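*Asks:* Input file: protein24.csv. Contents: CSV, C-alpha atoms.
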```csv
chain,number,residue,atom,x,y,z
A,27,MET,CA,6.8,20.2,1.1
A,28,MET,CA,5.0,18.4,-1.7
A,29,ASP,CA,1.6,19.8,-2.6
A,30,GLU,CA,-0.9,17.3,-1.0
A,31,ARG,CA,-4.1,19.1,-2.0
A,32,PHE,CA,-5.8,15.9,-3.0
A,33,ALA,CA,-5.3,14.6,0.6
A,34,GLN,CA,-7.4,17.5,1.9
A,35,GLY,CA,-11.1,16.5,2.0
A,36,ASN,CA,-13.8,14.6,3.8
A,37,SER,CA,-15.1,12.3,1.1
A,38,LEU,CA,-15.7,8.5,1.4
A,39,LEU,CA,-12.2,7.8,0.2
A,40,HIS,CA,-10.5,10.4,2.4
A,41,ARG,CA,-12.0,8.7,5.4
A,42,ARG,CA,-10.7,5.3,4.5
A,43,ASP,CA,-7.7,3.8,6.3
A,44,PRO,CA,-4.5,4.1,4.2
A,45,LYS,CA,-3.7,0.4,4.6
A,46,VAL,CA,-7.0,-0.5,2.9
A,47,LYS,CA,-6.5,1.9,0.1
A,48,VAL,CA,-3.0,0.6,-0.5
A,49,ILE,CA,-4.3,-3.0,-0.9
A,50,VAL,CA,-7.1,-2.0,-3.2
A,51,ALA,CA,-4.8,0.2,-5.3
A,52,ALA,CA,-2.3,-2.7,-5.7
A,53,VAL,CA,-4.9,-5.2,-6.8
A,54,PHE,CA,-6.6,-2.7,-9.0
A,55,ILE,CA,-3.5,-1.6,-10.8
A,56,THR,CA,-2.3,-5.2,-11.2
A,57,VAL,CA,-5.6,-6.2,-12.9
A,58,ALA,CA,-5.6,-3.2,-15.2
A,59,ALA,CA,-1.9,-3.5,-16.1
A,60,ILE,CA,-1.7,-7.2,-17.0
A,61,SER,CA,-5.0,-7.5,-18.9
A,62,ASN,CA,-5.1,-7.4,-22.7
A,63,SER,CA,-8.9,-7.3,-22.9
A,64,PHE,CA,-10.5,-4.1,-23.9
A,65,MET,CA,-13.6,-4.9,-21.9
A,66,VAL,CA,-11.6,-5.4,-18.7
A,67,VAL,CA,-9.7,-2.2,-19.2
A,68,ILE,CA,-12.8,-0.1,-20.1
A,69,LEU,CA,-14.6,-1.5,-17.0
A,70,ALA,CA,-11.6,-0.7,-14.9
A,71,LEU,CA,-11.5,2.8,-16.3
A,72,THR,CA,-15.2,3.2,-15.5
A,73,LEU,CA,-14.5,2.0,-12.0
A,74,ALA,CA,-11.7,4.6,-11.7
A,75,LEU,CA,-14.1,7.3,-12.8
A,76,GLY,CA,-16.5,6.2,-10.2
A,77,LEU,CA,-13.8,6.4,-7.5
A,78,LEU,CA,-13.1,9.9,-8.8
A,79,LEU,CA,-16.7,10.9,-8.2
A,80,LEU,CA,-16.6,9.4,-4.7
A,81,SER,CA,-13.4,11.3,-3.9
A,82,ARG,CA,-14.9,14.7,-4.9
A,83,LEU,CA,-11.6,16.0,-6.0
A,84,ASP,CA,-11.0,19.2,-8.0
A,85,LEU,CA,-11.6,18.0,-11.6
A,86,ARG,CA,-9.3,20.7,-13.0
A,87,GLN,CA,-6.4,19.6,-11.0
A,88,VAL,CA,-7.1,16.0,-11.9
A,89,GLY,CA,-7.3,16.9,-15.5
A,90,LYS,CA,-3.8,18.6,-15.3
A,91,ARG,CA,-2.3,15.3,-13.9
A,92,LEU,CA,-4.0,13.3,-16.7
A,93,LEU,CA,-2.8,15.7,-19.3
A,94,ALA,CA,0.8,15.4,-18.0
A,95,ALA,CA,0.5,11.6,-18.1
A,96,ASN,CA,-1.0,11.5,-21.6
A,97,THR,CA,1.9,13.5,-23.1
A,98,PHE,CA,3.9,10.2,-22.9
A,99,THR,CA,1.2,8.3,-24.8
A,100,ILE,CA,1.5,10.8,-27.7
A,101,PHE,CA,4.9,9.2,-28.6
A,102,LEU,CA,3.2,5.8,-28.6
A,103,TRP,CA,0.6,7.1,-31.1
A,104,LEU,CA,3.5,8.5,-33.3
A,105,THR,CA,5.5,5.2,-33.3
A,106,LEU,CA,3.4,2.1,-32.6
A,107,PRO,CA,1.0,2.4,-35.6
A,108,LEU,CA,4.0,2.9,-37.9
A,109,THR,CA,6.4,0.3,-36.5
A,110,TYR,CA,4.4,-2.4,-34.8
A,111,GLY,CA,3.7,-4.4,-37.9
A,112,GLY,CA,0.7,-6.7,-38.5
A,113,GLU,CA,-2.3,-6.1,-40.7
A,114,GLU,CA,-1.9,-3.0,-42.9
A,115,ILE,CA,-4.8,-0.5,-42.8
A,116,THR,CA,-3.5,2.1,-45.2
A,117,ARG,CA,-0.3,3.2,-46.9
A,118,LEU,CA,1.0,6.7,-47.6
A,119,GLY,CA,4.1,6.2,-49.7
A,120,PRO,CA,6.6,4.3,-47.6
A,121,VAL,CA,4.5,4.9,-44.4
A,122,THR,CA,2.0,2.2,-43.4
A,123,LEU,CA,-0.5,2.1,-40.6
A,124,SER,CA,-1.1,-1.2,-38.8
A,125,SER,CA,-4.3,-2.2,-37.0
A,126,GLU,CA,-2.4,-4.0,-34.3
A,127,GLY,CA,-0.3,-0.9,-33.6
A,128,ILE,CA,-3.4,1.3,-33.3
A,129,ARG,CA,-5.1,-1.3,-31.1
A,130,LEU,CA,-2.0,-1.5,-28.8
A,131,ALA,CA,-1.8,2.4,-28.6
A,132,ILE,CA,-5.5,2.6,-27.6
A,133,LEU,CA,-5.0,-0.1,-25.0
A,134,ILE,CA,-2.0,1.5,-23.4
A,135,SER,CA,-3.7,4.9,-23.4
A,136,LEU,CA,-6.7,3.5,-21.6
A,137,LYS,CA,-4.5,1.7,-19.1
A,138,THR,CA,-2.5,4.8,-18.5
A,139,ASN,CA,-5.6,6.9,-17.6
A,140,CYS,CA,-7.0,4.1,-15.5
A,141,ILE,CA,-3.9,3.6,-13.4
A,142,VAL,CA,-3.3,7.4,-13.0
A,143,LEU,CA,-6.9,7.9,-11.9
A,144,SER,CA,-6.7,5.0,-9.4
A,145,LEU,CA,-3.5,6.3,-7.9
A,146,ILE,CA,-4.9,9.8,-7.5
A,147,THR,CA,-8.2,8.7,-6.0
A,148,LEU,CA,-6.9,5.9,-3.8
A,149,LEU,CA,-3.4,7.0,-2.8
A,150,GLY,CA,-3.6,10.7,-3.5
A,151,THR,CA,-6.4,11.1,-0.9
A,152,SER,CA,-3.9,10.2,1.9
A,153,ARG,CA,-0.8,12.0,3.0
A,154,ILE,CA,2.6,10.6,2.1
A,155,ALA,CA,3.4,10.1,5.8
A,156,SER,CA,0.2,8.1,6.3
A,157,LEU,CA,1.0,5.9,3.3
A,158,GLY,CA,4.5,5.3,4.6
A,159,HIS,CA,3.2,4.2,8.0
A,160,ALA,CA,0.5,2.2,6.2
A,161,LEU,CA,3.1,0.2,4.3
A,162,GLU,CA,4.9,-0.5,7.6
A,163,GLY,CA,1.6,-1.6,9.1
A,164,LEU,CA,1.2,-4.1,6.1
A,165,HIS,CA,4.6,-5.5,7.1
A,166,PHE,CA,6.7,-4.1,4.3
A,167,SER,CA,10.3,-3.7,5.0
A,168,ARG,CA,10.7,-1.2,7.9
A,169,ARG,CA,13.9,0.2,6.3
A,170,LEU,CA,12.2,0.8,3.0
A,171,CYS,CA,9.3,2.6,4.8
A,172,PHE,CA,11.8,4.6,6.8
A,173,LEU,CA,13.6,5.5,3.6
A,174,LEU,CA,10.4,6.6,1.9
A,175,LEU,CA,9.4,8.9,4.8
A,176,PHE,CA,12.8,10.5,5.1
A,177,SER,CA,13.2,10.9,1.4
A,178,TYR,CA,9.9,12.6,1.2
A,179,ARG,CA,10.8,15.0,4.0
A,180,TYR,CA,14.4,15.8,3.1
A,181,ILE,CA,14.4,15.9,-0.6
A,182,PHE,CA,12.7,19.4,-0.3
A,183,VAL,CA,15.3,20.4,2.3
A,184,ILE,CA,18.0,19.6,-0.2
A,185,TYR,CA,16.2,21.5,-2.9
A,186,GLN,CA,16.0,24.5,-0.6
A,187,GLU,CA,19.8,24.4,-0.1
A,188,TYR,CA,20.2,24.4,-3.8
A,189,GLN,CA,17.9,27.4,-4.1
A,190,LYS,CA,20.0,29.3,-1.6
A,191,LEU,CA,23.1,28.6,-3.7
A,192,SER,CA,21.3,29.6,-6.9
A,193,ARG,CA,20.1,32.9,-5.4
A,194,ALA,CA,23.6,33.6,-4.1
A,195,ALA,CA,25.1,33.0,-7.6
A,196,GLY,CA,22.4,35.3,-9.1
A,197,MET,CA,23.2,38.1,-6.6
A,198,ARG,CA,26.8,37.8,-7.9
A,199,CYS,CA,25.6,38.5,-11.4
A,200,PHE,CA,25.9,34.9,-12.6
A,201,VAL,CA,24.0,34.4,-15.9
A,202,PRO,CA,23.7,30.8,-17.2
A,203,ALA,CA,25.1,30.3,-20.7
A,204,THR,CA,26.7,27.6,-22.8
A,205,THR,CA,30.2,28.4,-21.5
A,206,LEU,CA,32.8,26.6,-19.5
A,207,HIS,CA,32.3,29.1,-16.7
A,208,THR,CA,28.6,28.1,-16.4
A,209,TYR,CA,29.4,24.4,-16.4
A,210,ARG,CA,32.1,24.9,-13.7
A,211,THR,CA,29.7,27.1,-11.6
A,212,TYR,CA,26.9,24.5,-11.8
A,213,GLY,CA,29.4,21.8,-10.8
A,214,TYR,CA,30.4,23.9,-7.7
A,215,MET,CA,26.8,24.4,-6.8
A,216,PHE,CA,26.0,20.7,-7.1
A,217,GLY,CA,29.0,19.8,-5.0
A,218,MET,CA,28.2,22.4,-2.3
A,219,THR,CA,24.6,21.1,-2.3
A,220,LEU,CA,25.9,17.6,-1.5
A,221,VAL,CA,28.3,18.9,1.2
A,222,ARG,CA,25.5,21.0,2.9
A,223,SER,CA,23.1,18.1,2.7
A,224,TRP,CA,25.6,15.8,4.3
A,225,ASN,CA,26.3,18.2,7.1
A,226,ARG,CA,22.6,18.7,7.7
A,227,ALA,CA,22.0,15.0,7.7
A,228,THR,CA,24.7,14.5,10.3
A,229,ARG,CA,23.1,17.2,12.6
A,230,VAL,CA,19.6,15.7,12.2
A,231,HIS,CA,20.9,12.2,12.9
A,232,ASN,CA,22.7,13.3,16.1
A,233,ALA,CA,19.6,15.2,17.2
A,234,MET,CA,17.4,12.2,16.7
A,235,LEU,CA,19.8,10.0,18.7
A,236,LEU,CA,19.7,12.5,21.5
A,237,ARG,CA,15.9,12.1,21.5
A,238,GLY,CA,16.1,8.3,21.8
A,239,PHE,CA,15.7,7.4,18.1
A,240,GLU,CA,15.8,3.6,17.7
A,241,GLY,CA,15.3,3.2,13.9
A,242,ARG,CA,11.5,3.5,13.8
A,243,LEU,CA,9.3,6.6,13.2
A,244,ILE,CA,6.2,6.7,15.4
A,245,PRO,CA,3.1,8.2,13.6
A,246,LEU,CA,1.4,11.1,15.3
A,247,GLU,CA,-2.0,9.7,14.4
A,248,GLN,CA,-2.7,6.0,15.2
A,249,GLN,CA,-5.3,4.9,12.6
A,250,THR,CA,-7.2,1.7,13.0
A,251,VAL,CA,-9.2,-0.3,10.5
A,252,GLY,CA,-12.9,0.0,11.2
A,253,ARG,CA,-15.9,-1.9,10.0
A,254,SER,CA,-16.5,0.7,7.2
A,255,ASP,CA,-12.9,0.2,6.0
A,256,ILE,CA,-13.4,-3.6,5.9
A,257,ALA,CA,-16.6,-3.2,4.0
A,258,PHE,CA,-15.0,-1.0,1.5
A,259,LEU,CA,-12.1,-3.4,1.1
A,260,VAL,CA,-14.4,-6.4,0.5
A,261,ILE,CA,-16.6,-4.6,-1.9
A,262,ALA,CA,-13.8,-3.0,-3.9
A,263,LEU,CA,-11.8,-6.2,-4.1
A,264,THR,CA,-14.9,-8.2,-5.2
A,265,ILE,CA,-15.6,-5.7,-8.0
A,266,VAL,CA,-12.0,-5.5,-9.2
A,267,ILE,CA,-11.5,-9.3,-9.1
A,268,ALA,CA,-14.8,-9.8,-10.9
A,269,ILE,CA,-13.7,-7.4,-13.6
A,270,GLY,CA,-10.4,-9.3,-14.0
A,271,LEU,CA,-12.1,-12.6,-14.3
A,272,ILE,CA,-14.4,-11.5,-17.2
A,273,PRO,CA,-12.2,-12.9,-20.0
A,274,PHE,CA,-12.3,-16.4,-18.3
A,275,LEU,CA,-16.0,-16.6,-18.0
```
Taking this structure as input, can you express it in the form of structure tokens?

*Replies:*
Amino acid sequence: MMDERFAQGNSLLHRRDPKVKVIVAAVFITVAAISNSFMVVILALTLALGLLLLSRLDLRQVGKRLLAANTFTIFLWLTLPLTYGGEEITRLGPVTLSSEGIRLAILISLKTNCIVLSLITLLGTSRIASLGHALEGLHFSRRLCFLLLFSYRYIFVIYQEYQKLSRAAGMRCFVPATTLHTYRTYGYMFGMTLVRSWNRATRVHNAMLLRGFEGRLIPLEQQTVGRSDIAFLVIALTIVIAIGLIPFL
């Protein structure tokens, strides 16, 4: 299964109801994503860092996630200052750097880190199964929530089936190369993965029907929204909305 190490803990955010965290995360990300104000984005990033401290997560693991996310912003820094246009800062032969391009690259970088931190601290501190049931509790489409939960569970089962085929090919001295035989072998492995996945899905579906499945997954833990969750929701939304309204004051 997916590594859910961030969901293991007993911090203030770990104890909050997933439904509350989903609402706060949605509003927080919306405010950070649509704003073009540096002040709003910087304050949102500061708030995300505060949530990181409250969550008491492993900073090294969080840093690895941020590093992976920031690899995409490198391409923005390599292209936006050179192609965005606007006021020219300096010129090196045919290459020009624009202030608007640099400003946009900085803004996107700040937003990226802010959104990733908010997702880690708010949603990462809950298990995927809890988030799926929380979305259903917020009256999202039951079919979409069911699809999320089943996809999370069985995508790893499909991967395990592929690993079995890959190990079997390796035991038969299969060595990948840029040859027609390699492409044909991978095609067979992909096809057999689909066939085995379909057969397993049929068995699982029949087993669920025999156990009275009626199209809804019942959570093992029934979580209720308490007073502390409501207080956290009100305080968090007040802060986020206040940050978003700063440019209009």

*Asks:* Please, what distance in Å, to one decimal, runs between CA of Ser177 in chain A and CA of Leu164 in chain A?

*Replies:*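 Result for CA of Ser177 in chain A versus CA of Leu164 in chain A: 19.8 Å, one decimal.
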
*Asks:* Fewer than 5 positions away in the same chain doesn't count, so skip those; otherwise give me all residues within 9 Å of Asn36 in chain A, counting all atoms listed in the file, as a list in words.

*Replies:*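 Returned residues: Arg41, Ser81 and Arg82 of chain A.
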
*Asks:* Using all atoms listed in the file, find the one residue out of A:Leu243, A:Ala227, A:Leu92, A:Leu220 that sits nearest to Leu174 in chain A.

*Replies:*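 That would be A:Leu243, the residue with the smallest distance to Leu174 in chain A.
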
*Asks:* How many Å separate CA of Ile60 in chain A from CA of Ile267 in chain A?

*Replies:*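 According to the coordinates, CA of Ile60 in chain A and CA of Ile267 in chain A are separated by 12.8 Å.
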
*Asks:* Out of A:Ala59, A:Gly127, A:Cys171, A:Phe32, which residue has the shortest atom-to-atom distance to Arg86 in chain A when counting all atoms listed in the file?

*Replies:*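 With all atoms listed in the file as the atom set, the closest residue is A:Phe32.
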
*Asks:* Compare A:Arg229, A:Ala74, A:Met234, A:Ala195 by their minimum atom-to-atom distance to Thr208 in chain A, counting all atoms listed in the file, and give me the closest one.

*Replies:*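 The shortest atom-to-atom distance to Thr208 in chain A comes from A:Ala195.
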
*Asks:* Which is closer to Leu85 in chain A than all the others in A:Ile55, A:Ile100, A:Leu143, A:Leu108, using all atoms listed in the file?

*Replies:*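 Counting all atoms listed in the file, the residue closest to Leu85 in chain A is A:Leu143.
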
*Asks:* CA of Ile184 in chain A and CA of Val201 in chain A, how far apart in Å?

*Replies:*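 That distance, rounded to one decimal, is 22.4 Å.
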
*Asks:* Tell me which protein, DNA and RNA residues are within 12 Å of Phe200 in chain A, counting only C-alpha atoms, leaving out same-chain ones fewer than 5 positions away, and put them as a list in words.

*Replies:*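 After dropping sequence-adjacent residues, the list is Leu191, Ser192, Arg193, Ala194, Ala195, Thr205, His207, Thr208, Tyr209, Arg210, Thr211 and Tyr212 of chain A.
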
*Asks:* Using all atoms listed in the file, which of A:Asn139, A:Thr109, A:Ser125, A:Gln189 sits nearest Thr97 in chain A?

*Replies:*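 Using all atoms listed in the file, the shortest distance to Thr97 in chain A belongs to A:Asn139.
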
*Asks:* Just want the 7 Å neighbourhood of Ile269 in chain A, counted on only C-alpha atoms, with same-chain residues fewer than 3 positions away dropped. Output as number ranges by chain.

*Replies:* A: 66, 69, 265-266, 272

*Asks:* Export, as a short mmCIF file (atom, residue, chain, number, x, y, z; two decimals), in the frame of the given file, the selected residues with C-alpha atoms.

*Replies:*
```cif
data_model
loop_
_atom_site.label_atom_id
_atom_site.label_comp_id
_atom_site.auth_asym_id
_atom_site.auth_seq_id
_atom_site.Cartn_x
_atom_site.Cartn_y
_atom_site.Cartn_z
CA VAL A 66 -11.60 -5.40 -18.70
CA LEU A 69 -14.60 -1.50 -17.00
CA ILE A 265 -15.60 -5.70 -8.00
CA VAL A 266 -12.00 -5.50 -9.20
CA ILE A 272 -14.40 -11.50 -17.20
#
```

*Asks:* Using only C-alpha atoms, find the one residue out of A:Arg169, A:Arg129, A:His159, A:Arg222 that sits nearest to Val48 in chain A.

*Replies:*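 That would be A:His159, the residue with the smallest distance to Val48 in chain A.
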
*Asks:* Find the spatial neighbours of His40 in chain A, counting only C-alpha atoms, within a cut-off of 10 Å - ignore same-chain residues fewer than 4 positions away - and output them as number ranges by chain.

*Replies:* A: 32-36, 44, 47, 80-82, 147-153

*Asks:* Counting only C-alpha atoms, what is within 8 Å of Phe172 in chain A, bar same-chain residues fewer than 3 positions away, as a list in words?

*Replies:*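 Listed by chain and then number, they are Gly158, Arg168, Arg169, Leu175, Phe176, Arg242 and Leu243 of chain A.
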